[in-house]
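J.: Could you have a look at this structure, given as structure tokens, before my questions?
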Amino acid sequence: MNLIPKYLVACLGRYWLIHTDYWQTISNRVEVATPLNSWKRLIEGVYLYDHGINPYEGDSFHESPIMLILFHFLLKKVPYLLPVIFVLLDALTAHILYKASKSFIRIFKESQESGKGQIAEDSITMLVTESQLDEVPIYVLSMYLFNPYSFLNCAGMTTTVIQNLLLAVSLWGAASGHRALACVFIALATHQALYPILLVVPISILLANVNQGCNKCSYIRTLLGFVLCWGFCIFISAFIMDGSYDYIYNTYGFILTVPDLKPNIGLFWYFFTEMFEHFRLLFVCAFQINALALYVVPLTLRFHKEPVLLATVLIALSTIFRSYPCVGDVGFYLALLPLWKHLFSFMQQKFIVGCAFLITSALGPTVWHLWIYSGSANANFFFGVTLSFATAQIFLITDLLFAHIKREFTLKNGSSRQVDGKPAKLVLR
Amino acid sequence: MSKQDSKSIADEANRMWASASFVGVLIVIGLPLWWKTTEVYRVALPYDEINAFNTESHHITTDITVLANDELTAATIAELLKKEFEQYDVIKLNIKQQILSEDLQQTLDAVAEEQEALEEVAATFDTSLHNAFYVVQRKQLFQDVWVGTERVAFFRDTKAAPTLIEALKSWIYEPSVLHGARSETADAARQVRFPSGEGFHVVLSVVHPKPQAMKVDFDAAEAVEDYIGSFVDELTDLHNFTLKSQWLHLLEFNFQTNEVPEASLWGRHFPARYERLPLLLTRLEERAATHVSDRPALNLALYVAPCDVAPLAMYDADNNRVMSAVQAFMSPKWGGVVLGNPTKEECEQKLYTPDVKLIMGTFISQLRKLLGITDKELIHLAHLEPLRSVVPRRWELDSLLRIRTLEQVTSAERSLKSLAKLLGEISNIVINDEVGASINQAVASIHSARRLMTEGELLAAHHHAQQAFLAADSAFMEPSLLALLYFPDDQKYAIYIPLFLPVMFPVILSLKNLLLWLRGKPLHKEKTD
Amino acid sequence: MLNLRLLLFSVAFLSPILQIKGDDFKEEMFIKPLPPSHLYVYFQFLTLANGEESFEHSHLAPRSLGEIVSRYQVEELHLTLTEGQWKHNTWGYPVLDAAPGAELYAWFAPDVVDVDTQWKKLSSTLSGLFCASLNFIENMNTVSPKMALWPTGAYSKSHQNITSQLRYASLPREIVCTENLTPWKKLLPCESSHGFSSLLNSRMIHNTNYHSIGVHIRRMCSGSNCLDTSLEIKQTVALVYDFKILNTMDWSLRKLFGQGLPGACPLSSSSRIYVDITSNSSYPFKLLPEPNSIMFSHRGGSKTELAVYEINHSNMMNIGAKYEMRNKIFVNIPPPLTFNRYVLGYGKEFGGIVTELSNNYWAPIDVVLLENAPWWLPIQLSTLRINGEAESKLIMSQYYSPGRSRQKPYHLELLLKLPPKSTTTVTIDFEFVFLKWQEYPPDANHGFYVGSALLSANLPTAKNYTSLPITGSTFDSIVNASKPWYPIVFRTNGGMVSLPTPDFSMPYNVICLACTVVALAFGPLNNICTKEVVLKIIVVPVSLRQKIFNIFKKKKD
């Protein structure tokens, strides 16, 4: 199979990058490593734990106790194998995404078949062919293996690698109808980063669709399974820390209350650096509601028939609006974009978004260096670059969604843009 | 077609529910969230009660019993008392009349000394109660009226009534001073005495400018504990006193004085002019370090004059020399200074032993004035027994209790009123729990103090008045009241608008459609040609 | 190797007998030339306050200090206000070392339950008394050293957990000036008109390389069975003059302080001036007038020669020295333990602190290194390296308390065994924290001060050692005071880091821009979710002229 060379090249490339002199720089970069996932803090937490000091007493360690125990074990027994482990995990993520996308394509084919009856005459040509559909998983795999964001994420040895793996496994489990797998892995992902809780909704819809039977029972079973698994994770973590739940303030509390204002590619850091104390609580709540609660219900109501699109959009929105994003998260949802190849012809802002991504990714480290090292720029430059990056991502997602509804309309009503002979255009009303 | 219709109806329902969820999150969750997180924490205060305080209406009720030999005398005295004291609203006399029993009358006529008569009266009536006074007739009096240290005044007969009333007014009850305690502007008596407080530090400083030239044999610690201690022990109902002493060596003060020869043992004196005296206080205050104490300090300083400017003689404002055995002066609200002059022999022997009794006596008299015990003027035909010990007279203590109670209650009320006005006008001052509790406690204490004053329970009234005063002061001086004081209101909108306006705008607009759909009406008018 | 703790425990308990009724006041001055071009002058004013616990009646001791000690139940107190850095490599060891800026540490009585509240009240009151900004001492810059500091006064054996009653804080940003000297002088019985304190002319003593004023309060036993204690208040001034600033090597009291000594304080029971003439052999100078006596002291292998002047009350005196030879080349023999501390790294993202400890002695020395990093400079314990190794054998004991943002600082204590004749490098990395815009001081680009590290050592030799023994109060107690160990607490130099700053002029701009981006997502998503796609006829836009024409046309109709 012609996939093996792809894996080999990607793995070798990551492995090589870890062993260059630039590894230190990459793993310290603010775009790659945030206080939540950086390798340095992981080492610090494991070291403190090893020496009998509670790592949650201070301010440096924000991973869950399960990660603490896992890495404590790994660093003690096989410290030299860790780069290999990270590379292999990334390759595993790519492979699972490949299999998940195969399942997604199967689901898409089925829904396309069942919806053939309502399609307008002249839109038959718009339907996606088998051959086109079969190429998609390979694109997904290549996108994940070779996009620079996931390359840097793996080379920096951040724990987002594990996060991406957990998300990929849960998506695959949902797509193949394995409820237990999906629930366990989404609970683990939520336990680590809290924002994947949004994915419970598309995963339950996927599971209900894949497992035929009563939908409502499926939803309830999924939800129950998720809650039980997540509760169990919390309990196990407390058990590891000798029965105390203090670690919750350092993990979930840290994600929700945003006390650390280290710059990253998100919007929170400069906003809360310059915010007046009196309004801080209000805006923290507002931003967290924006990331967690605002868009779930409306998007679900609108796209409940396409749970895969819902999952992609929710992952992307949580990446843009979360408190400590990093390029690993961006790389993950970019890998899911080839699933929507058929929408690309309807998207109108591809060029702008692509250029914006390129420019901000190159400009970010430059202005950072100017601010922090040369002292000739100031914080506003980096802030502007992160704002542009966020705007580009927002344009990408909204463009994708607009493309989808336009295609939907065109499939249903044909591609003529005329009403009673007069020229007309598509509007939202 | 029906499938399409049902599908479009389902789609429309979904859209409306999506719109409803936006409304739910933003308005149902967002508005209370905004209210709760940006509200200024303000505990509810009893503004009405505070505004209803009437400082001019406080009065104290006190008991007075007229004991006479017969009905007529008692009635006359009581009538005159009532008429005289009616004009004073600050003190209300509760006049009781009683006839002396035969034995007591005879005993009173029989004894020679007033002190024994006092003891006889004390045996029958309880004179140790605060806020009670007895006016007893005794035929054998030399003067019209005799007043001692106990709560008893003797009068001879009805003809002595005007003198008696005068004595009661200007010695015992002092309604003018009480009125001054209640008023907003300080009268003369209030300007002299120390402001009310929970306690004072009494600091006796011995100032010794030239320790190398002369030794001073004076046990300051013992002196202050003995004399001042016995005095302040009587006043424990009013304030807590801590007695301290210190020696300030090498503190020189230039009196800018020239020798004036005279015929005396020394042969000279050095005038200490009136204008230079306050500057001595400045020098003392530099070294006294009273700002470290957490209570106000009553300073009593003994300035040992160096031999080369001894003896110092004070000159008053009219440039007349003050001829008295002890040279001392007092500064209101600071304390008093006694100038210790060594004699010629003491200077030659280089050892000065001050007369402890004289000096401490001077200090006690200064302390009395500083604490609020006023000087008693002479009244023709009335005799006020001079003080034999440092202990103050019982009825002086009662008077002090009355003054301080009134002062503290009115001061507490005024503080609360101005604080309530401030907090009411500026809406973004944080009122936290402690301030709220202090204010509520102050209001409650003021009410109970008023009630107790009217009932005549002087000790309890003073206790509550002091609590009210301390609570009101602590609320007024609370530093947390300054938070948020300077955040301008209009700039709040600059902070809310960028996020909430673009978000609320479409949501509010979509409310119309949502309501139409909920009522089942069609959303878009179908155009028919 | 001897446990520091055990030694001080026993020594403090055996404090000497002081049987003085009433208060006792002594003033002393110690002058030591520091070749080649500096002069060390050390003043010590000792007041011993006998009396009851509450210090309500004071004779010579300052009443304000006694009141503070009794009100806050303080057992021992040390406060120093210093400007300048003591150069241990070239100047030897001072009598009492002090950290640059303000430094305060105190032990509270064992029955004090809420030590933190008392600590805050104590620092606020001292701040008012000395006009120094000690009120900036809060829980977020206070530590409780576990190994580095031990009390020098008497305390009873029943005090089990003495380190829980200890609080230490240092404010490196404070400056010391006349404002602090004046209230300090007021605490002396003679104030500034008589005695040695009249020499402390602020215009002259602030013109020095190093000046430090201090107040040290401790309890001394008053009786051989130590059932009662009396309070010893020691006020110290340490100055280092530079001959280049004085323009001459021939120093005299008049040149140093602007006036001669106007006699001793009439209240002092002993007023003495000690001049260290040990260096007379290599840098000969002649003292004028002749000293009253010369003391020889053999202490721990080093010989010291002290010229003593007894000062009485009457006459003005001016002690001076005349140097005979000039321009001699100076060979510096470093003292047994020297150290250096600096900040590594460039840029405002990461950095490191390096402390170099040099043991120049032929035997190993045990030291306790206390690193007190503020909360905005998080140090990473996993990057601690001694001479480049992670788990070094030189560490005998370690205590680490991680800090929390805005709540407590980072506290690291290491008990190290320094091998003989070697330099040990202790490195630890930190990263910079981005503060909220209102947490920066007014001059944000000036930088933030990193305080000194404390170094506690039991020196095996008394070379360059000038401190008083623990049981001694006056200066003559150093004569022949050989002991097995000489305890001393050093302060290294501090450092300065430049934190990355946001743009302070931008709060509303940032709010607008960030909120705009959030709203950018809201609009389209709201439309997608709540609106349906329809075809709408493209209407040719009517020009304004046509619209007005239409209105008139309608009216006409």
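Residue names in the structure tokens use chain letters A, B, ... in the order shown, residue numbers from 1 in each chain, and ligand numbers from 1 in the order shown.
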Check every residue of chain C for an atom within 7 Å of chain A, counting only C-alpha atoms, and provide those that qualify as a PyMOL selection string.
T.: chain C and resi 347-349+380-382+402-405+433-437+500+502-503+507+510-511+514+517+521+524-525+529+531-538
J.: Given the selection you just returned, output its residues as a file containing N, CA and C atoms, formatted as a compact mmCIF listing (two decimals), in the first residue's frame.
T.:
# COMPACT_ATOMS: atom_id res chain seq x y z
N GLY C 347 16.58 38.42 26.64
CA GLY C 347 15.18 38.44 26.25
C GLY C 347 14.31 38.36 27.49
N LYS C 348 13.03 38.54 27.29
CA LYS C 348 12.12 38.61 28.42
C LYS C 348 11.25 37.37 28.52
N GLU C 349 11.81 36.24 28.12
CA GLU C 349 10.97 35.05 28.18
C GLU C 349 11.46 34.05 29.21
N GLN C 380 11.96 26.88 38.45
CA GLN C 380 11.60 25.49 38.20
C GLN C 380 12.58 24.58 38.91
N LEU C 381 12.07 23.85 39.87
CA LEU C 381 12.95 23.03 40.68
C LEU C 381 13.62 21.94 39.85
N SER C 382 12.96 21.50 38.78
CA SER C 382 13.56 20.43 38.00
C SER C 382 14.80 20.91 37.27
N PRO C 402 6.62 25.49 46.57
CA PRO C 402 6.33 26.21 45.33
C PRO C 402 5.44 27.41 45.60
N GLY C 403 5.59 28.41 44.79
CA GLY C 403 4.80 29.62 45.00
C GLY C 403 3.53 29.58 44.20
N ARG C 404 2.61 30.45 44.54
CA ARG C 404 1.39 30.60 43.76
C ARG C 404 1.31 32.05 43.33
N SER C 405 0.79 32.26 42.13
CA SER C 405 0.66 33.63 41.65
C SER C 405 -0.14 34.46 42.62
N VAL C 433 6.64 35.94 34.13
CA VAL C 433 5.18 35.92 34.22
C VAL C 433 4.65 37.21 33.61
N PHE C 434 3.57 37.12 32.91
CA PHE C 434 2.94 38.31 32.35
C PHE C 434 1.90 38.80 33.34
N LEU C 435 2.15 39.99 33.86
CA LEU C 435 1.26 40.50 34.90
C LEU C 435 0.10 41.26 34.31
N LYS C 436 -0.93 41.46 35.11
CA LYS C 436 -2.04 42.31 34.69
C LYS C 436 -1.56 43.76 34.66
N TRP C 437 -2.16 44.58 33.85
CA TRP C 437 -1.58 45.89 33.62
C TRP C 437 -1.56 46.75 34.86
N PRO C 500 8.38 41.68 30.67
CA PRO C 500 7.73 42.18 29.45
C PRO C 500 6.48 42.96 29.83
N PRO C 502 2.88 45.04 28.81
CA PRO C 502 1.87 45.30 27.78
C PRO C 502 1.85 46.78 27.46
N ASP C 503 0.99 47.17 26.59
CA ASP C 503 0.89 48.60 26.29
C ASP C 503 -0.14 49.18 27.25
N PRO C 507 -6.28 49.94 27.16
CA PRO C 507 -7.35 49.05 27.64
C PRO C 507 -8.61 49.06 26.80
N VAL C 510 -8.06 47.46 23.29
CA VAL C 510 -7.97 45.99 23.31
C VAL C 510 -9.35 45.39 23.48
N ILE C 511 -10.12 45.99 24.36
CA ILE C 511 -11.48 45.47 24.59
C ILE C 511 -12.27 45.53 23.30
N ALA C 514 -10.77 42.86 20.62
CA ALA C 514 -11.03 41.45 20.93
C ALA C 514 -12.52 41.15 20.86
N VAL C 517 -13.69 40.65 17.30
CA VAL C 517 -13.41 39.33 16.71
C VAL C 517 -14.44 38.31 17.19
N ALA C 521 -17.67 36.21 14.79
CA ALA C 521 -18.13 34.83 14.66
C ALA C 521 -19.62 34.72 14.95
N PRO C 524 -22.37 35.68 11.60
CA PRO C 524 -22.66 34.64 10.60
C PRO C 524 -23.28 33.38 11.18
N LEU C 525 -22.77 32.95 12.35
CA LEU C 525 -23.33 31.71 12.92
C LEU C 525 -24.78 31.89 13.31
N CYS C 529 -27.86 29.72 11.66
CA CYS C 529 -28.72 28.86 12.48
C CYS C 529 -30.18 29.30 12.46
N LYS C 531 -31.78 31.47 10.12
CA LYS C 531 -32.44 31.97 8.91
C LYS C 531 -32.41 30.90 7.84
N GLU C 532 -33.33 31.03 6.88
CA GLU C 532 -33.36 30.04 5.82
C GLU C 532 -32.87 30.68 4.54
N VAL C 533 -32.42 29.80 3.66
CA VAL C 533 -31.87 30.27 2.38
C VAL C 533 -33.01 30.38 1.38
N VAL C 534 -33.16 31.55 0.80
CA VAL C 534 -34.18 31.71 -0.23
C VAL C 534 -33.58 32.48 -1.39
N LEU C 535 -34.25 32.39 -2.49
CA LEU C 535 -33.85 33.17 -3.66
C LEU C 535 -34.63 34.46 -3.64
N LYS C 536 -33.90 35.54 -3.80
CA LYS C 536 -34.60 36.83 -3.79
C LYS C 536 -34.23 37.54 -5.08
N ILE C 537 -35.28 38.16 -5.65
CA ILE C 537 -35.05 38.84 -6.91
C ILE C 537 -34.12 40.00 -6.68
N ILE C 538 -33.17 40.10 -7.63
CA ILE C 538 -32.25 41.23 -7.51
C ILE C 538 -32.97 42.48 -7.93
J.: Specify as a compact mmCIF listing (two decimals) with N, CA, C and O atoms, in the first residue's frame all residues of chain C found within 9 Å of chain B, counting only C-alpha atoms.
T.:
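Result went into result.txt, see below:
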# COMPACT_ATOMS: atom_id res chain seq x y z
N PHE C 55 6.82 46.57 79.52
CA PHE C 55 7.57 47.76 79.12
C PHE C 55 6.73 49.01 79.17
O PHE C 55 6.80 49.85 78.28
N GLU C 56 5.92 49.12 80.22
CA GLU C 56 5.13 50.34 80.31
C GLU C 56 5.95 51.47 80.89
O GLU C 56 5.70 52.62 80.61
N HIS C 57 6.93 51.12 81.67
CA HIS C 57 7.74 52.17 82.28
C HIS C 57 9.15 52.02 81.78
O HIS C 57 9.80 51.02 82.05
N SER C 58 9.61 52.98 81.03
CA SER C 58 10.93 52.84 80.45
C SER C 58 11.81 53.96 80.97
O SER C 58 11.34 55.03 81.29
N HIS C 59 13.05 53.64 81.03
CA HIS C 59 14.00 54.63 81.54
C HIS C 59 14.89 55.12 80.42
O HIS C 59 14.85 56.27 80.02
N LEU C 60 15.72 54.25 79.91
CA LEU C 60 16.58 54.64 78.80
C LEU C 60 16.12 54.03 77.49
O LEU C 60 16.37 54.58 76.43
N ALA C 61 15.47 52.89 77.58
CA ALA C 61 15.07 52.22 76.34
C ALA C 61 13.95 53.02 75.69
O ALA C 61 13.12 53.61 76.36
N PRO C 62 13.89 53.04 74.37
CA PRO C 62 12.81 53.79 73.72
C PRO C 62 11.47 53.13 73.98
O PRO C 62 11.29 51.94 73.80
N ARG C 63 10.50 53.96 74.40
CA ARG C 63 9.21 53.41 74.79
C ARG C 63 8.48 52.84 73.58
O ARG C 63 7.75 51.86 73.69
N SER C 64 8.69 53.45 72.41
CA SER C 64 7.92 52.99 71.25
C SER C 64 8.30 51.57 70.88
O SER C 64 7.43 50.74 70.59
N LEU C 65 9.62 51.24 70.93
CA LEU C 65 10.01 49.88 70.58
C LEU C 65 9.49 48.89 71.60
O LEU C 65 9.04 47.80 71.27
N GLU C 67 6.85 49.18 73.35
CA GLU C 67 5.41 49.00 73.17
C GLU C 67 5.11 48.08 72.00
O GLU C 67 4.23 47.22 72.08
N ILE C 68 5.88 48.24 70.93
CA ILE C 68 5.67 47.38 69.76
C ILE C 68 5.94 45.93 70.12
O ILE C 68 5.19 45.02 69.77
N THR C 125 3.22 48.91 61.55
CA THR C 125 3.59 49.84 62.62
C THR C 125 5.04 50.29 62.47
O THR C 125 5.35 51.46 62.64
N LEU C 126 5.93 49.35 62.14
CA LEU C 126 7.32 49.72 61.94
C LEU C 126 7.47 50.66 60.76
O LEU C 126 8.30 51.57 60.77
N GLY C 128 5.35 52.92 59.92
CA GLY C 128 5.03 54.26 60.39
C GLY C 128 6.11 54.82 61.28
O GLY C 128 6.43 56.00 61.22
N LEU C 129 6.72 53.96 62.07
CA LEU C 129 7.73 54.48 63.01
C LEU C 129 8.98 54.93 62.29
O LEU C 129 9.58 55.93 62.65
N LYS C 186 15.94 59.22 66.98
CA LYS C 186 15.10 59.62 68.10
C LYS C 186 14.94 58.51 69.11
O LYS C 186 14.54 58.73 70.25
N LEU C 187 15.20 57.26 68.69
CA LEU C 187 15.05 56.15 69.62
C LEU C 187 16.20 56.09 70.62
O LEU C 187 16.12 55.39 71.62
N PRO C 189 18.70 57.25 73.62
CA PRO C 189 18.48 58.10 74.80
C PRO C 189 19.12 59.47 74.66
O PRO C 189 18.61 60.45 75.16
N CYS C 190 20.27 59.51 73.95
CA CYS C 190 20.95 60.79 73.85
C CYS C 190 20.54 61.54 72.61
O CYS C 190 21.05 62.62 72.35
N GLU C 191 19.71 60.99 71.83
CA GLU C 191 19.30 61.54 70.54
C GLU C 191 20.52 62.00 69.77
O GLU C 191 21.49 61.30 69.66
N SER C 193 22.22 64.98 70.14
CA SER C 193 22.95 66.15 70.63
C SER C 193 24.23 65.77 71.35
O SER C 193 25.15 66.55 71.40
N HIS C 194 24.29 64.59 71.91
CA HIS C 194 25.48 64.19 72.65
C HIS C 194 25.87 62.79 72.22
O HIS C 194 25.05 62.03 71.78
N CYS C 265 28.02 60.29 75.50
CA CYS C 265 26.67 60.53 76.00
C CYS C 265 26.69 60.43 77.51
O CYS C 265 27.23 59.47 78.06
N PRO C 266 26.15 61.39 78.22
CA PRO C 266 26.19 61.36 79.68
C PRO C 266 25.45 60.16 80.26
O PRO C 266 25.68 59.78 81.39
N LEU C 267 24.56 59.57 79.49
CA LEU C 267 23.77 58.48 80.03
C LEU C 267 24.40 57.12 79.79
O LEU C 267 23.90 56.13 80.26
N HIS C 313 32.75 62.31 79.13
CA HIS C 313 31.68 63.22 78.74
C HIS C 313 32.15 64.59 78.32
O HIS C 313 31.42 65.32 77.69
N TYR C 508 -9.11 50.23 26.45
CA TYR C 508 -10.36 50.25 25.70
C TYR C 508 -10.17 49.75 24.28
O TYR C 508 -11.03 49.06 23.73
N ILE C 511 -10.12 45.99 24.36
CA ILE C 511 -11.48 45.47 24.59
C ILE C 511 -12.27 45.53 23.30
O ILE C 511 -12.93 44.55 22.90
N CYS C 512 -12.20 46.67 22.61
CA CYS C 512 -12.95 46.79 21.36
C CYS C 512 -12.51 45.76 20.34
O CYS C 512 -13.35 45.07 19.74
N LEU C 513 -11.21 45.64 20.15
CA LEU C 513 -10.72 44.75 19.09
C LEU C 513 -11.05 43.29 19.39
O LEU C 513 -11.55 42.57 18.52
N ALA C 514 -10.77 42.86 20.62
CA ALA C 514 -11.03 41.45 20.93
C ALA C 514 -12.52 41.15 20.86
O ALA C 514 -12.92 40.09 20.35
N CYS C 515 -13.34 42.07 21.36
CA CYS C 515 -14.77 41.82 21.30
C CYS C 515 -15.28 41.81 19.87
O CYS C 515 -16.22 41.09 19.53
N THR C 516 -14.66 42.62 19.00
CA THR C 516 -15.06 42.63 17.59
C THR C 516 -14.84 41.26 16.97
O THR C 516 -15.69 40.76 16.23
N VAL C 518 -14.79 38.39 18.47
CA VAL C 518 -15.78 37.45 18.99
C VAL C 518 -17.12 37.67 18.30
O VAL C 518 -17.83 36.73 17.92
N ALA C 519 -17.46 38.94 18.13
CA ALA C 519 -18.75 39.23 17.50
C ALA C 519 -18.74 38.86 16.01
O ALA C 519 -19.79 38.57 15.43
N LEU C 520 -17.54 38.86 15.40
CA LEU C 520 -17.41 38.45 14.00
C LEU C 520 -17.91 37.03 13.78
O LEU C 520 -18.43 36.70 12.73
N PHE C 522 -20.09 35.57 15.84
CA PHE C 522 -21.48 35.45 16.26
C PHE C 522 -22.44 35.74 15.12
O PHE C 522 -23.42 35.02 14.93
N GLY C 523 -22.14 36.80 14.38
CA GLY C 523 -23.08 37.23 13.34
C GLY C 523 -23.40 36.14 12.33
O GLY C 523 -24.55 35.70 12.20
N ASN C 526 -25.10 33.06 13.83
CA ASN C 526 -26.49 33.32 14.18
C ASN C 526 -27.36 33.27 12.93
O ASN C 526 -28.44 32.66 12.92
N ASN C 527 -26.86 33.89 11.86
CA ASN C 527 -27.64 33.88 10.62
C ASN C 527 -27.83 32.48 10.09
O ASN C 527 -28.92 32.10 9.67
N CYS C 529 -27.86 29.72 11.66
CA CYS C 529 -28.72 28.86 12.48
C CYS C 529 -30.18 29.30 12.46
O CYS C 529 -31.07 28.48 12.68
N THR C 530 -30.43 30.58 12.31
CA THR C 530 -31.79 31.03 12.52
C THR C 530 -32.48 31.51 11.24
O THR C 530 -33.62 31.92 11.30
N LYS C 531 -31.78 31.47 10.12
CA LYS C 531 -32.44 31.97 8.91
C LYS C 531 -32.41 30.90 7.84
O LYS C 531 -31.60 29.99 7.88
N GLU C 532 -33.33 31.03 6.88
CA GLU C 532 -33.36 30.04 5.82
C GLU C 532 -32.87 30.68 4.54
O GLU C 532 -32.91 31.90 4.36
J.: Expressed in Å to a single decimal, how great is the separation between CA of Asn51 (chain B) and CA of Thr185 (chain B)?
T.: 19.9 Å
J.: Just want the 8 Å neighbourhood of region 153-165 of chain A, counted on only C-alpha atoms, with same-chain residues fewer than 3 positions away dropped. Output as a count of residues only.
T.: 32
J.: Going by DSSP on the backbone, which residues of region 73-307 of chain A come out as helix (DSSP H, G or I)? List them as an MDAnalysis selection string.
T.: chainID A and resid 73:77 79:114 116:118 121:126 130:146 148:155 160:176 179:193 195:210 215:240 247:257 268:273 277:292 296:302 307
J.: Find the residues near region 214-216 of chain C: any atom within 9 Å, counting only C-alpha atoms, skip ones fewer than 2 places away on the same chain, and give them as a VMD selection string.
T.: chain C and resid 76 to 82 98 184 212 218 232 to 238
J.: Keeping C-alpha atoms, export the residues of the selection given above as a compact mmCIF listing (two decimals), in the first residue's frame.
T.:
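The file below, part10.txt, is the result:
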# COMPACT_ATOMS: atom_id res chain seq x y z
CA GLU C 76 13.16 38.76 68.48
CA LEU C 77 13.21 41.39 65.76
CA HIS C 78 15.76 42.39 63.14
CA LEU C 79 15.23 45.31 60.82
CA THR C 80 17.80 46.77 58.49
CA LEU C 81 17.62 49.51 55.90
CA THR C 82 20.60 49.39 53.58
CA ALA C 98 22.33 43.26 55.58
CA TRP C 184 15.97 56.04 64.14
CA SER C 212 23.02 50.51 56.60
CA ARG C 218 16.48 40.22 71.35
CA GLU C 232 18.39 44.09 74.51
CA ILE C 233 17.88 46.77 71.89
CA LYS C 234 20.84 47.19 69.59
CA GLN C 235 20.85 49.99 67.07
CA THR C 236 23.57 49.75 64.49
CA VAL C 237 24.97 51.86 61.71
CA ALA C 238 27.46 50.41 59.26
